[in-house]
file entry06.txt (compact mmCIF, C-alpha atoms and all ligand atoms)
# COMPACT_ATOMS: atom_id res chain seq x y z
CA MET Y 1 76.96 -48.19 -139.48
CA LYS Y 2 75.81 -44.60 -139.88
CA ILE Y 3 77.40 -42.50 -142.59
CA LEU Y 4 77.08 -38.73 -142.98
CA VAL Y 5 76.76 -37.66 -146.63
CA THR Y 6 77.39 -33.94 -147.00
CA GLY Y 7 75.77 -32.46 -150.09
CA GLY Y 8 73.38 -35.42 -149.87
CA THR Y 9 70.65 -33.86 -152.03
CA GLY Y 10 73.13 -32.89 -154.72
CA TYR Y 11 73.67 -34.75 -157.98
CA ILE Y 12 76.40 -37.21 -156.98
CA GLY Y 13 75.51 -37.17 -153.28
CA SER Y 14 71.92 -38.31 -153.83
CA HIS Y 15 72.91 -41.11 -156.20
CA THR Y 16 75.59 -42.23 -153.72
CA ILE Y 17 73.05 -42.36 -150.89
CA VAL Y 18 70.96 -44.76 -153.00
CA ASP Y 19 73.96 -47.04 -153.49
CA LEU Y 20 74.99 -46.85 -149.81
CA ILE Y 21 71.49 -47.81 -148.64
CA GLN Y 22 71.32 -50.64 -151.16
CA HIS Y 23 74.58 -51.94 -149.69
CA GLY Y 24 73.38 -51.91 -146.10
CA PHE Y 25 74.56 -48.56 -144.76
CA GLU Y 26 72.46 -46.21 -142.62
CA VAL Y 27 72.73 -42.67 -144.00
CA VAL Y 28 72.09 -39.16 -142.76
CA SER Y 29 72.43 -36.17 -145.07
CA VAL Y 30 73.37 -32.53 -144.62
CA ASP Y 31 72.59 -30.07 -147.38
CA ASN Y 32 71.52 -26.39 -147.42
CA PHE Y 33 70.03 -26.76 -150.94
CA HIS Y 34 72.43 -24.16 -152.35
CA ASN Y 35 72.63 -26.12 -155.61
CA SER Y 36 70.05 -28.87 -155.12
CA ARG Y 37 66.41 -29.41 -154.18
CA PRO Y 38 64.65 -31.26 -151.32
CA GLY Y 39 62.91 -33.34 -154.01
CA ALA Y 40 66.03 -35.50 -154.20
CA LEU Y 41 65.07 -36.95 -150.80
CA GLU Y 42 61.74 -38.09 -152.27
CA GLY Y 43 63.58 -39.66 -155.18
CA ILE Y 44 65.87 -41.53 -152.79
CA GLU Y 45 62.85 -42.75 -150.80
CA ALA Y 46 61.00 -43.80 -153.96
CA ILE Y 47 63.98 -45.90 -155.05
CA THR Y 48 65.10 -47.35 -151.71
CA GLY Y 49 62.00 -47.12 -149.51
CA VAL Y 50 64.14 -45.27 -146.94
CA LYS Y 51 63.30 -41.75 -145.72
CA VAL Y 52 66.73 -40.17 -145.25
CA LYS Y 53 67.03 -37.42 -142.63
CA ASN Y 54 68.60 -34.20 -143.98
CA TYR Y 55 70.03 -31.44 -141.79
CA GLU Y 56 69.44 -28.18 -143.65
CA LEU Y 57 72.45 -26.14 -142.57
CA ASP Y 58 75.54 -24.44 -143.93
CA LEU Y 59 78.60 -26.58 -143.19
CA ALA Y 60 80.82 -23.50 -143.64
CA ASP Y 61 79.20 -22.19 -140.41
CA ALA Y 62 81.41 -23.64 -137.65
CA ALA Y 63 78.74 -23.43 -134.92
CA ALA Y 64 76.10 -25.12 -137.08
CA ALA Y 65 78.55 -27.82 -138.13
CA ARG Y 66 79.56 -28.43 -134.51
CA LYS Y 67 75.91 -28.88 -133.52
CA LEU Y 68 75.44 -31.44 -136.30
CA PHE Y 69 78.41 -33.53 -135.16
CA GLU Y 70 77.12 -33.44 -131.60
CA SER Y 71 73.76 -34.78 -132.80
CA GLU Y 72 74.89 -37.85 -134.74
CA GLN Y 73 77.34 -40.62 -133.81
CA LEU Y 74 78.98 -41.52 -137.11
CA THR Y 75 81.15 -44.31 -138.49
CA GLY Y 76 82.40 -41.94 -141.18
CA ALA Y 77 81.48 -39.34 -143.75
CA ILE Y 78 81.49 -38.76 -147.48
CA HIS Y 79 82.10 -35.08 -148.17
CA PHE Y 80 80.53 -33.77 -151.40
CA ALA Y 81 79.26 -30.37 -150.26
CA ALA Y 82 81.09 -27.71 -152.28
CA TYR Y 83 80.46 -25.08 -154.92
CA LYS Y 84 81.44 -26.69 -158.23
CA LEU Y 85 80.98 -24.31 -161.16
CA VAL Y 86 84.30 -23.68 -162.89
CA GLY Y 87 83.20 -20.46 -164.58
CA GLU Y 88 81.51 -19.06 -161.46
CA SER Y 89 84.63 -19.74 -159.39
CA VAL Y 90 86.64 -17.46 -161.69
CA GLN Y 91 84.13 -14.66 -161.01
CA LYS Y 92 83.75 -15.31 -157.24
CA PRO Y 93 87.02 -16.80 -155.91
CA LEU Y 94 86.57 -15.74 -152.26
CA GLU Y 95 83.11 -17.37 -152.09
CA TYR Y 96 84.63 -20.59 -153.41
CA TYR Y 97 87.60 -20.57 -151.02
CA ARG Y 98 85.45 -19.61 -148.03
CA ASN Y 99 82.72 -22.17 -148.71
CA ASN Y 100 84.69 -25.12 -150.00
CA LEU Y 101 87.59 -24.94 -147.54
CA ASN Y 102 85.68 -23.94 -144.39
CA SER Y 103 83.14 -26.71 -144.99
CA LEU Y 104 85.90 -29.30 -145.32
CA MET Y 105 87.71 -28.09 -142.19
CA ASN Y 106 84.48 -28.11 -140.18
CA VAL Y 107 83.79 -31.69 -141.29
CA LEU Y 108 87.31 -32.81 -140.31
CA GLU Y 109 86.98 -31.14 -136.90
CA GLY Y 110 83.53 -32.57 -136.35
CA LEU Y 111 84.65 -36.12 -137.10
CA GLN Y 112 87.74 -35.70 -134.95
CA ARG Y 113 85.73 -34.38 -132.01
CA GLN Y 114 83.53 -37.47 -131.93
CA GLY Y 115 86.36 -39.91 -132.62
CA SER Y 116 85.14 -40.98 -136.07
CA SER Y 117 88.02 -41.63 -138.39
CA ASN Y 118 86.82 -42.37 -141.92
CA LEU Y 119 86.44 -39.70 -144.58
CA VAL Y 120 85.84 -40.09 -148.31
CA PHE Y 121 86.54 -36.78 -150.08
CA SER Y 122 85.11 -35.68 -153.40
CA SER Y 123 87.94 -34.35 -155.52
CA SER Y 124 88.25 -33.80 -159.23
CA CYS Y 125 90.38 -34.56 -162.28
CA SER Y 126 90.69 -30.79 -162.60
CA VAL Y 127 93.56 -31.04 -160.07
CA TYR Y 128 95.68 -32.40 -162.95
CA GLY Y 129 95.29 -29.25 -165.07
CA ASN Y 130 96.61 -29.76 -168.61
CA ALA Y 131 98.52 -33.01 -167.94
CA ASP Y 132 101.67 -33.66 -170.01
CA ALA Y 133 100.76 -37.31 -170.61
CA LEU Y 134 97.48 -39.22 -170.89
CA PRO Y 135 95.82 -41.18 -169.43
CA VAL Y 136 96.55 -39.60 -166.04
CA THR Y 137 97.43 -41.90 -163.15
CA GLU Y 138 97.26 -41.02 -159.44
CA LYS Y 139 101.03 -40.40 -159.67
CA THR Y 140 100.62 -37.80 -162.43
CA PRO Y 141 101.83 -34.57 -160.85
CA ARG Y 142 99.11 -31.98 -160.20
CA LYS Y 143 99.72 -28.92 -162.34
CA GLU Y 144 98.71 -25.30 -162.01
CA ALA Y 145 94.94 -25.30 -161.41
CA GLU Y 146 92.96 -23.73 -164.28
CA SER Y 147 90.33 -22.21 -161.94
CA PRO Y 148 89.71 -21.33 -158.27
CA TYR Y 149 87.29 -24.28 -158.19
CA ALA Y 150 90.11 -26.65 -159.17
CA ARG Y 151 92.41 -24.95 -156.68
CA THR Y 152 89.95 -25.54 -153.84
CA LYS Y 153 90.12 -29.24 -154.73
CA GLN Y 154 93.93 -29.19 -154.70
CA MET Y 155 93.92 -27.32 -151.37
CA GLY Y 156 91.28 -29.70 -150.00
CA GLU Y 157 93.53 -32.65 -150.79
CA ASP Y 158 96.45 -30.89 -149.07
CA ILE Y 159 94.36 -30.05 -145.98
CA ILE Y 160 93.33 -33.70 -145.65
CA THR Y 161 96.92 -34.89 -146.14
CA ASP Y 162 98.19 -32.59 -143.39
CA PHE Y 163 95.30 -33.52 -141.10
CA CYS Y 164 96.00 -37.25 -141.54
CA ARG Y 165 99.69 -36.63 -140.84
CA ALA Y 166 98.78 -34.86 -137.58
CA ASN Y 167 96.14 -37.49 -136.68
CA PRO Y 168 97.49 -40.89 -137.88
CA TYR Y 169 94.38 -42.71 -136.53
CA PHE Y 170 92.30 -40.71 -139.02
CA GLN Y 171 91.98 -42.39 -142.45
CA SER Y 172 90.84 -40.83 -145.69
CA VAL Y 173 90.28 -41.75 -149.32
CA ILE Y 174 90.35 -39.03 -151.96
CA LEU Y 175 88.35 -39.74 -155.11
CA ARG Y 176 89.22 -37.76 -158.24
CA TYR Y 177 86.13 -37.71 -160.47
CA PHE Y 178 86.38 -37.22 -164.16
CA ASN Y 179 83.14 -36.06 -165.81
CA PRO Y 180 80.04 -37.38 -164.02
CA ALA Y 181 76.92 -37.60 -166.21
CA GLY Y 182 73.67 -39.54 -166.66
CA ALA Y 183 70.94 -40.35 -164.13
CA HIS Y 184 69.48 -43.22 -162.11
CA GLU Y 185 67.82 -45.74 -164.46
CA SER Y 186 64.46 -45.29 -162.66
CA THR Y 187 64.30 -41.59 -163.74
CA LEU Y 188 63.38 -40.92 -160.09
CA LEU Y 189 66.73 -39.20 -159.54
CA GLY Y 190 69.01 -37.10 -161.73
CA GLU Y 191 70.92 -33.88 -162.09
CA ASP Y 192 68.55 -31.14 -160.89
CA PRO Y 193 70.64 -28.05 -160.15
CA SER Y 194 68.92 -24.98 -158.75
CA ASP Y 195 70.45 -22.85 -161.49
CA SER Y 196 70.75 -23.47 -165.24
CA PRO Y 197 73.30 -26.21 -166.07
CA SER Y 198 76.73 -25.44 -167.50
CA ASN Y 199 78.08 -29.00 -167.80
CA LEU Y 200 78.00 -30.54 -171.28
CA VAL Y 201 75.49 -33.39 -170.90
CA PRO Y 202 72.72 -31.45 -169.11
CA VAL Y 203 73.21 -28.62 -171.62
CA ILE Y 204 72.77 -31.15 -174.47
CA THR Y 205 69.56 -32.56 -172.98
CA ALA Y 206 68.19 -29.05 -172.26
CA VAL Y 207 68.69 -28.10 -175.93
CA ALA Y 208 67.13 -31.41 -177.07
CA ALA Y 209 64.13 -30.71 -174.80
CA GLY Y 210 63.73 -27.23 -176.24
CA LYS Y 211 64.56 -25.53 -172.93
CA ARG Y 212 67.44 -23.81 -174.68
CA ALA Y 213 67.34 -22.78 -178.33
CA SER Y 214 70.85 -24.00 -179.01
CA MET Y 215 74.27 -24.65 -177.52
CA THR Y 216 77.85 -23.76 -178.43
CA VAL Y 217 80.76 -26.14 -178.83
CA PHE Y 218 83.48 -24.25 -176.96
CA GLY Y 219 86.44 -24.52 -179.30
CA THR Y 220 87.15 -26.70 -182.32
CA ASP Y 221 90.77 -25.68 -182.83
CA TYR Y 222 92.28 -27.89 -180.12
CA PRO Y 223 94.95 -30.48 -181.01
CA THR Y 224 92.48 -33.40 -180.75
CA ARG Y 225 90.81 -35.87 -183.14
CA ASP Y 226 88.18 -33.39 -184.31
CA GLY Y 227 89.41 -30.17 -182.68
CA SER Y 228 87.02 -30.25 -179.70
CA CYS Y 229 88.02 -31.03 -176.11
CA VAL Y 230 88.36 -34.58 -174.80
CA ARG Y 231 86.83 -35.72 -171.50
CA ASP Y 232 86.22 -39.00 -169.65
CA TYR Y 233 82.46 -39.26 -169.01
CA ILE Y 234 81.48 -41.57 -166.17
CA HIS Y 235 77.93 -42.65 -165.33
CA VAL Y 236 76.82 -41.21 -161.99
CA MET Y 237 75.70 -44.62 -160.70
CA ASP Y 238 79.12 -46.14 -161.43
CA LEU Y 239 80.62 -43.18 -159.61
CA ALA Y 240 78.19 -43.66 -156.71
CA HIS Y 241 79.17 -47.30 -156.26
CA ALA Y 242 82.85 -46.34 -156.12
CA HIS Y 243 82.05 -44.37 -152.94
CA THR Y 244 80.48 -47.40 -151.29
CA LEU Y 245 83.55 -49.44 -152.19
CA ALA Y 246 85.87 -46.69 -150.91
CA LEU Y 247 84.03 -46.63 -147.57
CA LYS Y 248 84.26 -50.43 -147.25
CA TYR Y 249 87.96 -50.16 -148.09
CA LEU Y 250 88.46 -47.69 -145.23
CA LEU Y 251 86.38 -49.71 -142.78
CA LYS Y 252 88.49 -52.77 -143.50
CA ASP Y 253 91.62 -50.68 -142.68
CA LYS Y 254 93.06 -51.65 -146.07
CA ALA Y 255 94.58 -48.25 -146.74
CA THR Y 256 98.37 -48.46 -147.02
CA LYS Y 257 98.85 -44.79 -147.74
CA ASN Y 258 96.97 -42.10 -145.88
CA PRO Y 259 95.17 -40.52 -147.65
CA GLU Y 260 94.69 -42.97 -150.51
CA LEU Y 261 94.00 -41.49 -153.92
CA PHE Y 262 91.87 -42.99 -156.70
CA ASN Y 263 90.96 -41.80 -160.19
CA LEU Y 264 87.32 -42.44 -161.09
CA GLY Y 265 86.89 -42.32 -164.84
CA ILE Y 266 86.15 -45.03 -167.39
CA GLY Y 267 89.56 -44.62 -168.99
CA GLU Y 268 88.35 -43.48 -172.42
CA GLY Y 269 88.31 -39.97 -173.88
CA LEU Y 270 85.37 -38.63 -175.88
CA THR Y 271 85.42 -35.32 -177.76
CA VAL Y 272 82.59 -32.82 -177.37
CA LEU Y 273 81.46 -33.43 -180.97
CA GLU Y 274 81.53 -37.20 -180.41
CA ALA Y 275 79.41 -36.75 -177.27
CA ILE Y 276 76.87 -34.72 -179.26
CA ARG Y 277 76.77 -37.41 -181.97
CA ALA Y 278 76.34 -40.13 -179.33
CA PHE Y 279 73.37 -38.26 -177.88
CA GLU Y 280 71.77 -37.80 -181.33
CA GLU Y 281 72.14 -41.52 -182.06
CA VAL Y 282 70.66 -42.60 -178.72
CA SER Y 283 67.81 -40.06 -178.64
CA GLY Y 284 67.04 -39.71 -182.33
CA VAL Y 285 66.99 -35.95 -181.71
CA LYS Y 286 69.03 -33.68 -184.00
CA LEU Y 287 70.83 -31.16 -181.79
CA ASN Y 288 70.97 -27.46 -182.64
CA TYR Y 289 74.52 -26.30 -181.93
CA GLN Y 290 77.05 -23.87 -183.29
CA LEU Y 291 80.84 -23.94 -183.19
CA GLY Y 292 82.29 -21.17 -181.02
CA PRO Y 293 85.49 -19.96 -179.34
CA ARG Y 294 87.31 -21.76 -176.56
CA ARG Y 295 86.01 -21.41 -172.96
CA PRO Y 296 88.59 -19.93 -170.54
CA GLY Y 297 89.72 -22.50 -167.98
CA ASP Y 298 89.14 -25.57 -170.17
CA VAL Y 299 91.87 -28.18 -170.42
CA VAL Y 300 92.46 -29.69 -173.87
CA ALA Y 301 92.07 -33.33 -172.90
CA VAL Y 302 91.91 -35.44 -169.78
CA TYR Y 303 90.98 -39.07 -169.18
CA ALA Y 304 91.81 -41.58 -166.48
CA ASP Y 305 94.02 -44.55 -165.88
CA ARG Y 306 91.66 -46.38 -163.49
CA THR Y 307 93.94 -49.34 -162.68
CA ARG Y 308 94.35 -48.48 -158.99
CA ALA Y 309 90.61 -48.23 -158.31
CA ALA Y 310 90.14 -51.59 -160.05
CA LEU Y 311 92.93 -53.30 -158.10
CA GLU Y 312 92.41 -51.71 -154.67
CA LEU Y 313 88.68 -51.05 -154.58
CA GLY Y 314 87.52 -53.77 -156.98
CA TRP Y 315 85.73 -51.02 -158.88
CA GLU Y 316 84.70 -51.59 -162.53
CA PRO Y 317 82.45 -49.06 -164.30
CA ARG Y 318 79.56 -50.94 -165.89
CA ARG Y 319 77.93 -48.23 -168.06
CA GLY Y 320 79.16 -46.47 -171.19
CA VAL Y 321 78.28 -43.34 -173.14
CA GLU Y 322 75.05 -44.90 -174.48
CA GLU Y 323 73.65 -45.45 -170.96
CA ILE Y 324 74.82 -41.98 -169.97
CA MET Y 325 72.98 -40.33 -172.85
CA GLN Y 326 69.90 -42.57 -172.59
CA SER Y 327 69.47 -42.02 -168.82
CA ALA Y 328 70.23 -38.28 -169.07
CA TRP Y 329 67.63 -37.91 -171.82
CA ALA Y 330 65.01 -39.94 -169.91
CA TRP Y 331 65.62 -37.77 -166.82
CA GLU Y 332 65.35 -34.52 -168.84
CA GLN Y 333 62.02 -35.68 -170.27
CA LYS Y 334 60.83 -36.56 -166.75
CA LEU Y 335 61.79 -33.04 -165.57
CA GLY Y 336 59.83 -31.65 -168.48
CA GLU Y 337 56.74 -33.60 -167.41
CA SER Y 338 56.98 -32.01 -163.96
CA GLY Y 339 57.25 -28.55 -165.53
CA LYS Y 340 60.95 -27.98 -164.80
C1 LIG Y 401 83.04 -30.57 -170.69
C2 LIG Y 401 83.45 -30.16 -172.11
C3 LIG Y 401 83.53 -27.80 -172.44
C4 LIG Y 401 79.25 -27.00 -172.19
C5 LIG Y 401 83.98 -29.57 -164.78
C6 LIG Y 401 84.85 -29.65 -163.56
C7 LIG Y 401 84.91 -31.07 -163.10
C8 LIG Y 401 83.55 -31.56 -162.86
C9 LIG Y 401 82.71 -31.46 -164.14
C10 LIG Y 401 82.35 -31.37 -160.79
C11 LIG Y 401 84.41 -28.97 -172.11
C12 LIG Y 401 82.47 -28.46 -173.33
C13 LIG Y 401 80.47 -27.67 -172.18
C14 LIG Y 401 78.79 -26.39 -173.39
C15 LIG Y 401 80.76 -27.16 -174.51
N1 LIG Y 401 82.96 -30.78 -161.81
N2 LIG Y 401 81.20 -27.74 -173.32
N3 LIG Y 401 79.57 -26.49 -174.50
O1 LIG Y 401 84.68 -28.32 -167.42
O2 LIG Y 401 85.28 -30.72 -168.16
O3 LIG Y 401 84.60 -30.28 -165.81
O4 LIG Y 401 82.71 -30.09 -164.54
O5 LIG Y 401 82.18 -32.53 -160.54
O6 LIG Y 401 85.64 -31.11 -161.89
O7 LIG Y 401 86.16 -29.23 -163.89
O8 LIG Y 401 82.90 -30.14 -167.59
O9 LIG Y 401 80.76 -30.42 -168.72
O10 LIG Y 401 81.56 -28.05 -168.19
O11 LIG Y 401 82.65 -29.36 -170.01
O12 LIG Y 401 81.44 -27.22 -175.54
O13 LIG Y 401 77.70 -25.75 -173.46
O14 LIG Y 401 82.29 -29.74 -172.81
O15 LIG Y 401 84.21 -26.79 -173.16
O16 LIG Y 401 85.33 -29.15 -173.15
P1 LIG Y 401 84.45 -29.79 -167.33
P2 LIG Y 401 81.89 -29.46 -168.61
call {"tool": "encode", "arguments": {"input": "entry06.txt", "output": "structure tokens"}}
result
Amino acid sequence: MKILVTGGTGYIGSHTIVDLIQHGFEVVSVDNFHNSRPGALEGIEAITGVKVKNYELDLADAAAARKLFESEQLTGAIHFAAYKLVGESVQKPLEYYRNNLNSLMNVLEGLQRQGSSNLVFSSSCSVYGNADALPVTEKTPRKEAESPYARTKQMGEDIITDFCRANPYFQSVILRYFNPAGAHESTLLGEDPSDSPSNLVPVITAVAAGKRASMTVFGTDYPTRDGSCVRDYIHVMDLAHAHTLALKYLLKDKATKNPELFNLGIGEGLTVLEAIRAFEEVSGVKLNYQLGPRRPGDVVAVYADRTRAALELGWEPRRGVEEIMQSAWAWEQKLGESGK
């Protein structure tokens, strides 16, 4: 069974391809390397022994996307390809809407045209905004998005819902990620964005590696345990395996709702200061950070109720914050050895 992974050389896409291959799927990737590097394909091959074909094209380009879907007969697709930087989306909303929504619509059309009917969509806990109650379940109402990035995820979910309603044969699973972090235990794969990282864990490891002089904790006056924001950090390999399970779930026609929705978080909240302390304990490196003002667009706290994914997908995260910090630090040191 051949699966198209869009954004296949990206952080979560590349780790998911490893898990798909290790569970017997044939994979083809499409990625224009906007926020990734071709080296991820070498990492995938080093881990799995499989040389994955990547189409280097822009999925937001309808003609290019059409050509791709005419070239590969697919059982389904996992759609990661999107711009994902919260702060950048506030500065460049049209780029985010044009890229993230056109890519999704071109993927839906491409699958429809060749009669494939299984799509796993990469969504985000940011669709919940500042939820009234925690942990959030899949029934928690989505609130006003805090950024254009989050709004493209809300709109993406709505586009898929309407498409499934118009094409009942077409099945989809929407996965709402919490905060992905960490790297493959082999250190052959990890987060390797083309621009400097803005997410917490890669910023922590960059400071620890001396690539950045220091970092700022964005806000310590929130109504939380220690005043800093709370997030649900999930190891990227646990997240990757959830995609394999979601695909199997679709292929077994087990979906009762269309689309099905699943939260993917470990169900525990960690504050920013607790995450920093966890890293220091695991790495033995004292981090240089200062306390600063809040970052616009941040929600105070969000973490998952992951009951549905456990019951329906049989998904259980197996790694905690220690493995996240250990694998992220090992990957950062590996990047350093290769001069990055
Ligand atoms: C986490 C916490 C920051 C950097 C976003 C998207 C989400 C997902 C992950 C794609 C916040 C604090 C961070 C720093 C800090 N995107 N922080 N200093 O914003 O929770 O989630 O990225 O998969 O969909 O919404 O992640 O890692 O940027 O921030 O204090 O230098 O760390 O304020 O509280 P976020 P993040």
call {"tool": "residues_near_ligand", "arguments": {"input": "entry06.txt", "ligand": "ligand LIG 401 (chain Y)", "cutoff": "7 Å", "atoms": "only C-alpha atoms and all ligand atoms", "output": "PDB file with C-alpha atoms, in the frame of the given file"}}
result
ATOM      1  CA  LYS Y  84      81.440 -26.690-158.230  1.00  0.00           C
ATOM      2  CA  LEU Y  85      80.980 -24.310-161.160  1.00  0.00           C
ATOM      3  CA  VAL Y  86      84.300 -23.680-162.890  1.00  0.00           C
ATOM      4  CA  SER Y 124      88.250 -33.800-159.230  1.00  0.00           C
ATOM      5  CA  CYS Y 125      90.380 -34.560-162.280  1.00  0.00           C
ATOM      6  CA  SER Y 126      90.690 -30.790-162.600  1.00  0.00           C
ATOM      7  CA  ALA Y 150      90.110 -26.650-159.170  1.00  0.00           C
ATOM      8  CA  TYR Y 177      86.130 -37.710-160.470  1.00  0.00           C
ATOM      9  CA  PHE Y 178      86.380 -37.220-164.160  1.00  0.00           C
ATOM     10  CA  ASN Y 179      83.140 -36.060-165.810  1.00  0.00           C
ATOM     11  CA  PRO Y 180      80.040 -37.380-164.020  1.00  0.00           C
ATOM     12  CA  SER Y 198      76.730 -25.440-167.500  1.00  0.00           C
ATOM     13  CA  ASN Y 199      78.080 -29.000-167.800  1.00  0.00           C
ATOM     14  CA  LEU Y 200      78.000 -30.540-171.280  1.00  0.00           C
ATOM     15  CA  VAL Y 201      75.490 -33.390-170.900  1.00  0.00           C
ATOM     16  CA  VAL Y 203      73.210 -28.620-171.620  1.00  0.00           C
ATOM     17  CA  MET Y 215      74.270 -24.650-177.520  1.00  0.00           C
ATOM     18  CA  THR Y 216      77.850 -23.760-178.430  1.00  0.00           C
ATOM     19  CA  VAL Y 217      80.760 -26.140-178.830  1.00  0.00           C
ATOM     20  CA  PHE Y 218      83.480 -24.250-176.960  1.00  0.00           C
ATOM     21  CA  GLY Y 219      86.440 -24.520-179.300  1.00  0.00           C
ATOM     22  CA  SER Y 228      87.020 -30.250-179.700  1.00  0.00           C
ATOM     23  CA  CYS Y 229      88.020 -31.030-176.110  1.00  0.00           C
ATOM     24  CA  VAL Y 230      88.360 -34.580-174.800  1.00  0.00           C
ATOM     25  CA  ARG Y 231      86.830 -35.720-171.500  1.00  0.00           C
ATOM     26  CA  VAL Y 272      82.590 -32.820-177.370  1.00  0.00           C
ATOM     27  CA  ARG Y 294      87.310 -21.760-176.560  1.00  0.00           C
ATOM     28  CA  ARG Y 295      86.010 -21.410-172.960  1.00  0.00           C
ATOM     29  CA  ASP Y 298      89.140 -25.570-170.170  1.00  0.00           C
TER      30      ASP Y 298
END
call {"tool": "closest_residue", "arguments": {"input": "entry06.txt", "among": "Y:Ala46, Y:Val321, Y:Ile160, Y:Ala208", "to": "Lys286 of chain Y", "atoms": "only C-alpha atoms"}}
result
Y:Ala208
call {"tool": "residues_around", "arguments": {"input": "entry06.txt", "residues": "segment 108-122 of chain Y", "least_positions_apart": "2", "cutoff": "6 Å", "atoms": "all atoms listed in the file", "output": "number ranges by chain"}}
result
Y: 69, 75-80, 105-106, 170-175
call {"tool": "residues_around", "arguments": {"input": "entry06.txt", "residues": "Gly49 of chain Y", "least_positions_apart": "4", "cutoff": "12 Å", "atoms": "only C-alpha atoms", "output": "number ranges by chain"}}
result
Y: 18, 21-22, 41-45
call {"tool": "write_last_selection", "arguments": {"input": "entry06.txt", "atoms": "C-alpha atoms", "output": "short mmCIF file (atom, residue, chain, number, x, y, z; two decimals), in the frame of the given file"}}
result
data_model
loop_
_atom_site.label_atom_id
_atom_site.label_comp_id
_atom_site.auth_asym_id
_atom_site.auth_seq_id
_atom_site.Cartn_x
_atom_site.Cartn_y
_atom_site.Cartn_z
CA VAL Y 18 70.96 -44.76 -153.00
CA ILE Y 21 71.49 -47.81 -148.64
CA GLN Y 22 71.32 -50.64 -151.16
CA LEU Y 41 65.07 -36.95 -150.80
CA GLU Y 42 61.74 -38.09 -152.27
CA GLY Y 43 63.58 -39.66 -155.18
CA ILE Y 44 65.87 -41.53 -152.79
CA GLU Y 45 62.85 -42.75 -150.80
#
call {"tool": "closest_residue", "arguments": {"input": "entry06.txt", "among": "Y:Asp195, Y:Glu322, Y:Asp232, Y:Asp226", "to": "Leu270 of chain Y", "atoms": "all atoms listed in the file"}}
result
Y:Asp232
call {"tool": "closest_residue", "arguments": {"input": "entry06.txt", "among": "Y:Asn32, Y:Ser14, Y:Gln73, Y:Gln91", "to": "Met1 of chain Y", "atoms": "all atoms listed in the file"}}
result
Y:Gln73
call {"tool": "closest_residue", "arguments": {"input": "entry06.txt", "among": "Y:Ala64, Y:Ala133, Y:Leu4, Y:Leu239", "to": "Gly182 of chain Y", "atoms": "only C-alpha atoms"}}
result
Y:Leu239
call {"tool": "residues_around", "arguments": {"input": "entry06.txt", "residues": "Val236 of chain Y", "least_positions_apart": "5", "cutoff": "8 Å", "atoms": "only C-alpha atoms", "output": "number ranges by chain"}}
result
Y: 12, 15, 180-184
call {"tool": "closest_residue", "arguments": {"input": "entry06.txt", "among": "Y:Leu57, Y:Pro259, Y:Leu134, Y:Ile204", "to": "Pro168 of chain Y", "atoms": "only C-alpha atoms"}}
result
Y:Pro259
call {"tool": "residues_around", "arguments": {"input": "entry06.txt", "residues": "Leu335 of chain Y", "least_positions_apart": "5", "cutoff": "12 Å", "atoms": "all atoms listed in the file", "output": "VMD selection string"}}
result
chain Y and resid 39 183 187 to 193 202 205 to 206 209 211 328 to 330 340
call {"tool": "decode", "arguments": {"input": "entry06.txt", "residues": "segment 70-102 of chain Y", "atoms": "C-alpha atoms", "output": "tab-separated table (two decimals), in the first residue's frame"}}
result
chain	number	residue	atom	x	y	z
Y	70	GLU	CA	-1.23	11.57	-12.01
Y	71	SER	CA	2.19	10.00	-11.39
Y	72	GLU	CA	1.44	7.91	-8.30
Y	73	GLN	CA	-1.44	5.53	-7.55
Y	74	LEU	CA	-2.01	5.97	-3.82
Y	75	THR	CA	-3.88	4.17	-1.05
Y	76	GLY	CA	-3.97	7.41	0.92
Y	77	ALA	CA	-2.03	10.42	2.12
Y	78	ILE	CA	-0.79	12.04	5.29
Y	79	HIS	CA	-0.78	15.81	4.85
Y	80	PHE	CA	1.86	17.66	6.89
Y	81	ALA	CA	3.02	20.27	4.38
Y	82	ALA	CA	2.21	23.70	5.81
Y	83	TYR	CA	3.90	26.81	7.14
Y	84	LYS	CA	3.88	26.45	10.93
Y	85	LEU	CA	5.48	29.44	12.65
Y	86	VAL	CA	2.96	31.18	14.90
Y	87	GLY	CA	4.86	34.47	15.04
Y	88	GLU	CA	5.59	34.54	11.30
Y	89	SER	CA	1.92	33.92	10.51
Y	90	VAL	CA	0.99	37.11	12.36
Y	91	GLN	CA	3.40	39.06	10.13
Y	92	LYS	CA	2.49	37.28	6.85
Y	93	PRO	CA	-1.16	36.13	7.03
Y	94	LEU	CA	-1.80	35.98	3.26
Y	95	GLU	CA	1.25	33.74	2.71
Y	96	TYR	CA	-0.08	31.40	5.40
Y	97	TYR	CA	-3.64	31.30	4.04
Y	98	ARG	CA	-2.47	30.91	0.44
Y	99	ASN	CA	0.06	28.18	1.17
Y	100	ASN	CA	-1.66	26.18	3.86
Y	101	LEU	CA	-5.17	26.20	2.37
Y	102	ASN	CA	-4.28	25.84	-1.33
